[in-house]
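**Student:** Submitted below is the structure of interest, expressed as structure tokens.
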Amino acid sequence: AKFKMSTKKIDFSNKWEEFNQNGIEVLINYISYDINNSGPDAKLQQVFSNKEFMSLYKIIYDLCIVPKGNFSKILYTKYIEVTSRYLTERILPDLIDISGVLLLQKLADRWDKHMNIFVKWLGKCFRYLDQHHVKQYSLETVSAKGESLFRSNVFVPIKLNVLNAIMKEFEKERDGECIDDYSLKIVIQMIIKFRENMSDEIDFYKELETQFIGETKRYYSKKGEDYLKEYS
């Protein structure tokens, strides 16, 4: 979309507050409602109308093209700040004190909503920033940054509990018990995605793989011991 360049002086604080209230807070409330009213009858309609979305897009666009020193760098920093705060204050507290299959179910749900609602819509709003500032300075795209922030602010603090929960599900499956295939699949796919897009040396999938091999050896070693005790 192309807009005429505004000749009026733009107040960043006011514009950002408008974007925050009409965009970010709307997304957070949408996600919160969906979490608390899950089920087929609780599905909400499209988050923003076309008119509302274009209004949000234009705010970011206008701030990016301000003559003599645009606000692109500040916008990128603001995106990191609001996303990190949302993840640490609204998402992590729901996951930090739980374990087992419940943790996998809630993590899968929060990850899905984060990427397919929060990151998706803000990525659209910040598209002009991605195309210019982000590209010029070889930064992570807004969507990629949203993913990496979920990894560092949500997954890392609960990593051990998540890996242990996955191992328990594998063990239940080996014992012939029913497991939540869907949540397990989503969480493992999330970990694989982290591996594909990571720029540092931490490999969560390798940790999962190593733990799985170790737990499998222990599992069958114990089963063997139990078998020998039973028939000796």
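Every chain in the structure tokens takes a letter, A first, then B, and so on in the order presented; its residues are numbered from 1, and the ligands are numbered from 1 following the presented order.
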Name all residues at most 8 Å from region 108-125 of chain A (count only C-alpha atoms; drop same-chain ones fewer than 3 positions away) and give them as an NGL selection string.
**Tutor:** :A and (24 or 27-28 or 31 or 53 or 56-57 or 60 or 91 or 104-105 or 128 or 142-143 or 146-147 or 150 or 183-184 or 186-187 or 190)
**Student:** Based on DSSP run over this structure's backbone, return all residues of region 23-202 of chain A in helix (DSSP H, G or I), as a ChimeraX atom specification.
**Tutor:** /A:23-36,40-42,50-64,72-94,100-125,127-136,142-174,181-197
**Student:** Show which residues sit within 12 Å of Ser152 (chain A), as a PyMOL selection string. Count only C-alpha atoms, and ignore same-chain residues fewer than 3 positions away.
**Tutor:** chain A and resi 80+83-84+87-88+92+145-149+155-159+194+198+200+202+204
**Student:** Quick one: residues within 12 Å of His132 (chain A), only C-alpha atoms, excluding same-chain residues fewer than 3 positions away - as a PyMOL selection string?
**Tutor:** chain A and resi 61+64-65+70+72-73+76+126-129+135-139+141-142
**Student:** Can you pull out every residue within 8 Å of Trp16 (chain A), counting only C-alpha atoms, but drop anything in the same chain fewer than 4 positions away, and send it as a list in words?
**Tutor:**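 Once the nearby chain positions are removed, what remains is Phe12, Asn20 and Ile59 of chain A.
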